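The structure file query_37.cif is reproduced below (mmCIF, C-alpha atoms).
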```cif
data_target
loop_
_atom_site.label_atom_id
_atom_site.label_comp_id
_atom_site.auth_asym_id
_atom_site.auth_seq_id
_atom_site.Cartn_x
_atom_site.Cartn_y
_atom_site.Cartn_z
CA MET A 1 61.68 -14.67 63.09
CA LEU A 2 65.36 -15.45 62.51
CA LYS A 3 64.47 -18.93 61.28
CA ASN A 4 61.94 -17.48 58.83
CA HIS A 5 64.58 -15.10 57.49
CA LEU A 6 67.09 -17.92 57.02
CA GLY A 7 64.46 -20.01 55.30
CA LYS A 8 63.72 -17.25 52.80
CA LEU A 9 67.40 -16.90 51.95
CA ALA A 10 67.76 -20.64 51.40
CA SER A 11 64.59 -20.98 49.32
CA GLN A 12 65.51 -18.09 47.01
CA SER A 13 68.56 -19.94 45.71
CA ASP A 14 68.65 -22.59 42.99
CA PHE A 15 71.63 -24.12 44.74
CA CYS A 16 71.70 -26.43 47.70
CA ALA A 17 73.57 -23.61 49.38
CA PHE A 18 72.83 -23.10 53.03
CA CYS A 19 72.55 -20.24 55.48
CA LEU A 20 74.66 -20.67 58.57
CA CYS A 21 74.76 -18.87 61.92
CA ARG A 22 76.74 -19.75 65.01
CA PHE A 23 75.38 -19.22 68.50
CA SER A 24 76.77 -19.54 71.99
CA GLY A 25 74.03 -18.99 74.50
CA LYS A 26 71.15 -20.46 76.43
CA THR A 27 68.70 -20.17 73.55
CA PHE A 28 70.54 -22.46 71.15
CA GLY A 29 73.12 -24.09 73.39
CA ALA A 30 76.87 -23.60 73.55
CA ASN A 31 78.81 -23.76 70.28
CA LYS A 32 75.85 -24.71 68.12
CA PHE A 33 75.34 -23.94 64.45
CA LEU A 34 71.85 -23.16 63.18
CA ILE A 35 71.56 -24.29 59.58
CA ALA A 36 68.83 -23.46 57.08
CA THR A 37 68.89 -25.12 53.70
CA ALA A 38 66.57 -26.17 50.92
CA PRO A 39 65.54 -29.86 51.19
CA ILE A 40 68.04 -32.23 49.58
CA ARG A 41 67.25 -35.74 48.36
CA THR A 42 69.72 -38.39 49.54
CA PRO A 43 69.78 -42.22 49.49
CA LEU A 44 68.79 -42.14 53.18
CA GLY A 45 65.82 -39.86 52.55
CA GLU A 46 65.20 -36.14 52.31
CA ILE A 47 67.28 -34.05 54.67
CA ALA A 48 67.03 -30.48 55.91
CA GLU A 49 63.25 -30.54 55.86
CA ASP A 50 63.45 -28.01 58.66
CA TYR A 51 66.07 -25.86 60.33
CA HIS A 52 68.29 -27.81 62.62
CA LEU A 53 71.10 -27.35 65.10
CA VAL A 54 74.48 -28.92 64.45
CA SER A 55 77.16 -29.32 67.09
CA TYR A 56 80.62 -27.84 66.70
CA GLN A 57 82.04 -31.38 66.45
CA GLU A 58 79.64 -32.33 63.64
CA MET A 59 80.44 -29.16 61.73
CA GLU A 60 84.16 -29.81 62.19
CA ARG A 61 83.79 -33.32 60.72
CA ALA A 62 81.78 -31.99 57.78
CA ARG A 63 84.31 -29.25 57.03
CA SER A 64 87.20 -31.75 57.05
CA SER A 65 85.36 -34.38 54.99
CA THR A 66 87.21 -36.07 52.12
CA HIS A 67 84.11 -37.76 50.71
CA ARG A 68 83.21 -37.39 47.05
CA PRO A 69 81.87 -35.79 44.95
CA PHE A 70 82.76 -32.47 46.60
CA PRO A 71 85.21 -33.09 49.47
CA ALA A 72 85.42 -30.04 51.73
CA LYS A 73 88.93 -30.68 53.10
CA ASN A 74 88.62 -27.45 55.10
CA LYS A 75 88.87 -25.33 51.96
CA TYR A 76 87.77 -21.72 52.00
CA LEU A 77 87.88 -18.74 49.67
CA LEU A 78 89.12 -15.21 50.19
CA PHE A 79 87.69 -12.50 47.93
CA ASP A 80 89.79 -9.41 47.22
CA PHE A 81 87.77 -6.70 45.50
CA GLN A 82 90.51 -4.06 45.52
CA GLY A 83 91.23 -4.56 41.83
CA TYR A 84 87.57 -4.81 40.87
CA LYS A 85 86.74 -3.66 37.36
CA GLN A 86 83.34 -2.72 36.02
CA ILE A 87 81.99 -5.48 33.79
CA ASP A 88 82.19 -4.45 30.14
CA ARG A 89 82.18 -5.97 26.66
CA GLU A 90 85.88 -6.81 26.74
CA ILE A 91 85.72 -8.68 30.05
CA LEU A 92 82.62 -10.65 29.02
CA THR A 93 84.07 -11.50 25.62
CA GLU A 94 87.28 -12.80 27.20
CA ALA A 95 85.36 -14.84 29.78
CA ILE A 96 83.08 -16.49 27.21
CA ALA A 97 85.97 -17.12 24.81
CA GLU A 98 87.99 -18.78 27.57
CA THR A 99 85.08 -21.05 28.52
CA CYS A 100 84.57 -22.08 24.90
CA ASP A 101 88.26 -22.84 24.42
CA THR A 102 88.42 -24.83 27.67
CA MET A 103 85.37 -26.90 26.76
CA LEU A 104 86.34 -27.51 23.12
CA ASN A 105 90.09 -27.96 23.66
CA PRO A 106 90.47 -29.42 27.16
CA PRO A 107 93.89 -30.46 28.49
CA ALA A 108 92.64 -34.01 29.12
CA LYS A 109 90.19 -36.38 27.43
CA LEU A 110 88.03 -36.59 30.54
CA LEU A 111 87.40 -32.83 30.55
CA GLY A 112 85.26 -30.49 28.46
CA VAL A 113 82.96 -31.85 25.78
CA ASN A 114 85.36 -34.78 25.38
CA GLY A 115 84.43 -35.80 28.90
CA ILE A 116 80.75 -35.86 27.93
CA LEU A 117 81.56 -38.09 24.96
CA LYS A 118 83.60 -40.37 27.21
CA PHE A 119 80.77 -40.53 29.75
CA SER A 120 78.32 -41.64 27.05
CA THR A 121 80.42 -44.76 26.38
CA GLU A 122 81.75 -45.47 29.86
CA ILE A 123 78.27 -45.59 31.38
CA LEU A 124 77.51 -48.71 29.31
CA LYS A 125 80.20 -50.56 31.27
CA TRP A 126 78.25 -50.09 34.48
CA LYS A 127 76.09 -53.12 33.70
CA LYS A 128 79.08 -55.24 34.74
CA PHE A 129 79.35 -53.48 38.10
CA SER A 130 78.32 -55.06 41.35
CA LEU A 131 75.12 -53.68 42.84
CA ASP A 132 77.01 -51.65 45.45
CA LYS A 133 79.42 -50.20 42.91
CA MET A 134 76.61 -49.29 40.52
CA THR A 135 74.63 -47.62 43.28
CA LEU A 136 77.67 -45.59 44.35
CA SER A 137 78.40 -44.58 40.74
CA CYS A 138 74.80 -43.48 40.23
CA ILE A 139 74.60 -41.42 43.41
CA THR A 140 78.02 -39.82 42.87
CA ASN A 141 77.13 -38.72 39.35
CA TYR A 142 73.64 -37.69 40.45
CA PHE A 143 75.09 -35.15 42.88
CA GLN A 144 77.58 -33.92 40.29
CA ILE A 145 74.68 -33.06 37.96
CA SER A 146 71.67 -32.26 40.15
CA LYS A 147 71.03 -29.02 42.01
CA ASP A 148 71.02 -31.20 45.14
CA GLY A 149 74.78 -31.32 44.68
CA GLY A 150 75.11 -27.54 44.45
CA THR A 151 75.22 -27.08 40.67
CA GLY A 152 72.17 -24.85 40.42
CA GLY A 153 70.68 -27.46 38.09
CA GLY A 154 71.87 -29.24 34.95
CA ILE A 155 75.54 -29.56 35.98
CA PHE A 156 75.92 -25.73 36.04
CA ARG A 157 74.42 -25.32 32.54
CA LYS A 158 71.43 -23.44 33.93
CA MET A 159 73.76 -20.99 35.62
CA TYR A 160 75.77 -20.52 32.44
CA GLY A 161 72.66 -20.04 30.33
CA ASP A 162 71.41 -17.32 32.68
CA PHE A 163 74.85 -15.68 32.53
CA LEU A 164 74.81 -15.60 28.73
CA ILE A 165 71.32 -14.10 28.66
CA GLU A 166 72.45 -11.29 30.97
CA ALA A 167 75.75 -10.83 29.13
CA ALA A 168 73.93 -10.48 25.81
CA VAL A 169 72.51 -7.14 26.96
CA ILE A 170 75.97 -5.65 27.52
CA LEU A 171 77.35 -7.30 24.40
CA GLU A 172 74.33 -6.06 22.43
CA ASN A 173 74.11 -9.44 20.76
CA LYS A 174 70.73 -11.17 20.63
CA ASN A 175 72.33 -14.35 19.33
CA ILE A 176 74.20 -14.75 22.63
CA ALA A 177 70.88 -14.59 24.47
CA MET A 178 69.44 -17.19 22.10
CA LEU A 179 72.37 -19.49 22.83
CA GLY A 180 71.88 -18.86 26.54
CA ASN A 181 68.31 -20.11 26.25
CA GLN A 182 69.58 -23.21 24.47
CA PHE A 183 71.91 -23.86 27.41
CA LEU A 184 68.86 -23.72 29.68
CA GLU A 185 67.30 -26.46 27.56
CA VAL A 186 70.49 -28.52 27.77
CA ALA A 187 70.36 -28.09 31.55
CA LYS A 188 66.91 -29.70 31.55
CA GLN A 189 68.32 -32.65 29.62
CA TRP A 190 71.11 -33.04 32.16
CA ASP A 191 68.52 -32.98 34.93
CA LYS A 192 66.72 -35.85 33.19
CA ILE A 193 69.98 -37.79 33.17
CA ALA A 194 70.34 -37.08 36.88
CA GLU A 195 66.83 -38.38 37.52
CA ASP A 196 67.57 -41.56 35.55
CA LEU A 197 70.73 -42.03 37.62
CA TRP A 198 68.65 -41.70 40.76
CA GLN A 199 66.11 -44.24 39.53
CA LEU A 200 68.88 -46.63 38.49
CA SER A 201 70.35 -46.43 41.99
CA LEU A 202 66.99 -47.56 43.37
CA SER A 203 65.98 -50.18 40.82
CA ALA A 204 69.28 -51.46 39.34
CA ASN A 205 67.41 -51.50 36.01
CA VAL A 206 70.39 -51.72 33.65
CA SER A 207 68.17 -51.06 30.62
CA LEU A 208 68.39 -47.39 31.63
CA LEU A 209 72.10 -47.40 30.77
CA GLN A 210 71.51 -47.68 27.01
CA LYS A 211 68.91 -44.92 27.19
CA MET A 212 71.22 -42.60 29.12
CA SER A 213 74.17 -43.35 26.85
CA LYS A 214 72.19 -42.28 23.79
CA GLU A 215 70.90 -39.13 25.49
CA ILE A 216 74.35 -38.15 26.78
CA MET A 217 75.73 -38.55 23.26
CA GLY A 218 73.01 -36.17 22.08
CA ILE A 219 73.99 -33.66 24.76
CA TYR A 220 77.61 -33.93 23.64
CA CYS A 221 76.65 -32.97 20.09
CA GLN A 222 74.47 -30.09 21.27
CA GLU A 223 77.05 -28.64 23.63
CA LYS A 224 79.83 -28.88 21.07
CA ASN A 225 77.68 -26.96 18.58
CA LEU A 226 76.74 -24.38 21.22
CA TYR A 227 80.34 -23.58 22.14
CA GLN A 228 81.31 -23.37 18.49
CA SER A 229 78.36 -21.05 17.84
CA LEU A 230 79.42 -18.87 20.77
CA GLN A 231 82.91 -18.56 19.29
CA LYS A 232 81.49 -17.51 15.93
CA ASN A 233 79.21 -14.92 17.52
CA LEU A 234 82.07 -13.45 19.55
CA ALA A 235 84.05 -13.03 16.34
CA VAL A 236 81.24 -10.95 14.83
CA LYS A 237 81.73 -7.27 15.65
#
```
Any chance you could give the structure as structure tokens?
Amino acid sequence: MLKNHLGKLASQSDFCAFCLCRFSGKTFGANKFLIATAPIRTPLGEIAEDYHLVSYQEMERARSSTHRPFPAKNKYLLFDFQGYKQIDREILTEAIAETCDTMLNPPAKLLGVNGILKFSTEILKWKKFSLDKMTLSCITNYFQISKDGGTGGGIFRKMYGDFLIEAAVILENKNIAMLGNQFLEVAKQWDKIAEDLWQLSLSANVSLLQKMSKEIMGIYCQEKNLYQSLQKNLAVK
């Protein structure tokens, strides 16, 4: 019954987030972690097809991992809700405006929409990579984009699109909802890039690089226009 409950929690999320319980007893063994997670595709095959027990030592190694793309390094978050404020128009407007400014005017060329533009050109250089280096580059970027890497799909664009659609109700701005739906479409395009990266890691078919470069350039143009449109809509009272 507990396993079924954990499975429902894991399956209801778009993320590769997992449900985790620790047990010390005869049923599960001493210092064991019971993990439930949605199946994740990896180069070694699909993992987490079922619930499984992980030893304390294995969990310790995972928590201290320094491997890319998301090294754990024993990080954790503390949430303090003492100063919690009810979400309102002002808070949402500030949040969206900050995101737009960060994406359109990033502090470095590899960040924001500039990073997308850079990616569209840099990926063409991969054809000179060794097979091992290309495979590693493909898999690393696949997990940074795909929901298998914890993004919720489309390198977080799906999450942001859903946020804008919900925010539009409070902001009483249908255009924000329309832009949110466009972010959902962009998320699908990113997912296609992720799938091409996966296929490239398997086939080493370098002809995919030109295709991806062109599509990433298209995403750059779309996202730049979307953030600019968001800024204009926030300015309209």
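CA of Lys224 in chain A sits 12.3 Å away from CA of Pro106 in chain A.
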Output check: residues returned by the PyMOL selection byres ((chain A and resi 116) around 12), as a PyMOL selection string: chain A and resi 103-104+106+109-115+117-123+155+190+212-224
A:Ala108, A:Leu234, A:Val54, A:Val206 ranked by distance to Met134 in chain A, top pick (using all atoms listed in the file): A:Val206
Selected residue of minimal separation from Ala72 in chain A among A:Met59, A:Gln199, A:Leu184, A:Tyr84, counting all atoms listed in the file: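 Nearest candidate to Ala72 in chain A out of A:Met59, A:Gln199, A:Leu184, A:Tyr84: A:Met59.
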For CA of Lys232 in chain A and CA of Ala167 in chain A, the interatomic separation in Å (one decimal): 15.9 Å
Chain and number of each residue from the PyMOL selection byres ((chain A and resi 204) around 12), as a PyMOL selection string: chain A and resi 126-138+196-203+205-209
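If you count all atoms listed in the file and ignore residues fewer than 6 places along the chain from Leu171 in chain A, what sits within 9 Å of it is A:Asp88, A:Arg89, A:Glu90, A:Leu92, A:Thr93.
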Between CA of Glu46 in chain A and CA of Asn74 in chain A - distance in Å to one decimal: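 Going from CA of Asn74 in chain A over to CA of Glu46 in chain A, I get 25.1 Å.
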The PyMOL selection byres ((chain A and resi 191) around 10) applied to the shown file, residues as an mmCIF file with C-alpha atoms, keeping the file's coordinate frame:
```cif
data_model
loop_
_atom_site.group_PDB
_atom_site.id
_atom_site.type_symbol
_atom_site.label_atom_id
_atom_site.label_comp_id
_atom_site.auth_asym_id
_atom_site.auth_seq_id
_atom_site.Cartn_x
_atom_site.Cartn_y
_atom_site.Cartn_z
ATOM 1 C CA TYR A 142 73.640 -37.690 40.450
ATOM 2 C CA ILE A 145 74.680 -33.060 37.960
ATOM 3 C CA SER A 146 71.670 -32.260 40.150
ATOM 4 C CA LYS A 147 71.030 -29.020 42.010
ATOM 5 C CA GLY A 153 70.680 -27.460 38.090
ATOM 6 C CA GLY A 154 71.870 -29.240 34.950
ATOM 7 C CA ILE A 155 75.540 -29.560 35.980
ATOM 8 C CA ARG A 157 74.420 -25.320 32.540
ATOM 9 C CA GLU A 185 67.300 -26.460 27.560
ATOM 10 C CA VAL A 186 70.490 -28.520 27.770
ATOM 11 C CA ALA A 187 70.360 -28.090 31.550
ATOM 12 C CA LYS A 188 66.910 -29.700 31.550
ATOM 13 C CA GLN A 189 68.320 -32.650 29.620
ATOM 14 C CA TRP A 190 71.110 -33.040 32.160
ATOM 15 C CA LYS A 192 66.720 -35.850 33.190
ATOM 16 C CA ILE A 193 69.980 -37.790 33.170
ATOM 17 C CA ALA A 194 70.340 -37.080 36.880
ATOM 18 C CA GLU A 195 66.830 -38.380 37.520
ATOM 19 C CA ASP A 196 67.570 -41.560 35.550
ATOM 20 C CA LEU A 197 70.730 -42.030 37.620
#
```
Spatial neighbours of Ala177 in chain A, 10 Å, all atoms listed in the file, chain gap at least 3 places, as number ranges by chain: A: 161-169, 171-174, 180-183
Written selection (C-alpha atoms) as a PDB file, keeping the file's coordinate frame:
```pdb
ATOM      1  CA  GLY A 161      72.660 -20.040  30.330  1.00  0.00           C
ATOM      2  CA  ASP A 162      71.410 -17.320  32.680  1.00  0.00           C
ATOM      3  CA  PHE A 163      74.850 -15.680  32.530  1.00  0.00           C
ATOM      4  CA  LEU A 164      74.810 -15.600  28.730  1.00  0.00           C
ATOM      5  CA  ILE A 165      71.320 -14.100  28.660  1.00  0.00           C
ATOM      6  CA  GLU A 166      72.450 -11.290  30.970  1.00  0.00           C
ATOM      7  CA  ALA A 167      75.750 -10.830  29.130  1.00  0.00           C
ATOM      8  CA  ALA A 168      73.930 -10.480  25.810  1.00  0.00           C
ATOM      9  CA  VAL A 169      72.510  -7.140  26.960  1.00  0.00           C
ATOM     10  CA  LEU A 171      77.350  -7.300  24.400  1.00  0.00           C
ATOM     11  CA  GLU A 172      74.330  -6.060  22.430  1.00  0.00           C
ATOM     12  CA  ASN A 173      74.110  -9.440  20.760  1.00  0.00           C
ATOM     13  CA  LYS A 174      70.730 -11.170  20.630  1.00  0.00           C
ATOM     14  CA  GLY A 180      71.880 -18.860  26.540  1.00  0.00           C
ATOM     15  CA  ASN A 181      68.310 -20.110  26.250  1.00  0.00           C
ATOM     16  CA  GLN A 182      69.580 -23.210  24.470  1.00  0.00           C
ATOM     17  CA  PHE A 183      71.910 -23.860  27.410  1.00  0.00           C
TER      18      PHE A 183
END
```
From A:Leu77, A:Ala235, A:Ile87, A:Leu179, residue lying nearest Lys158 in chain A [only C-alpha atoms]: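 Residue with the minimum atom-to-atom distance to Lys158 in chain A: A:Leu179.
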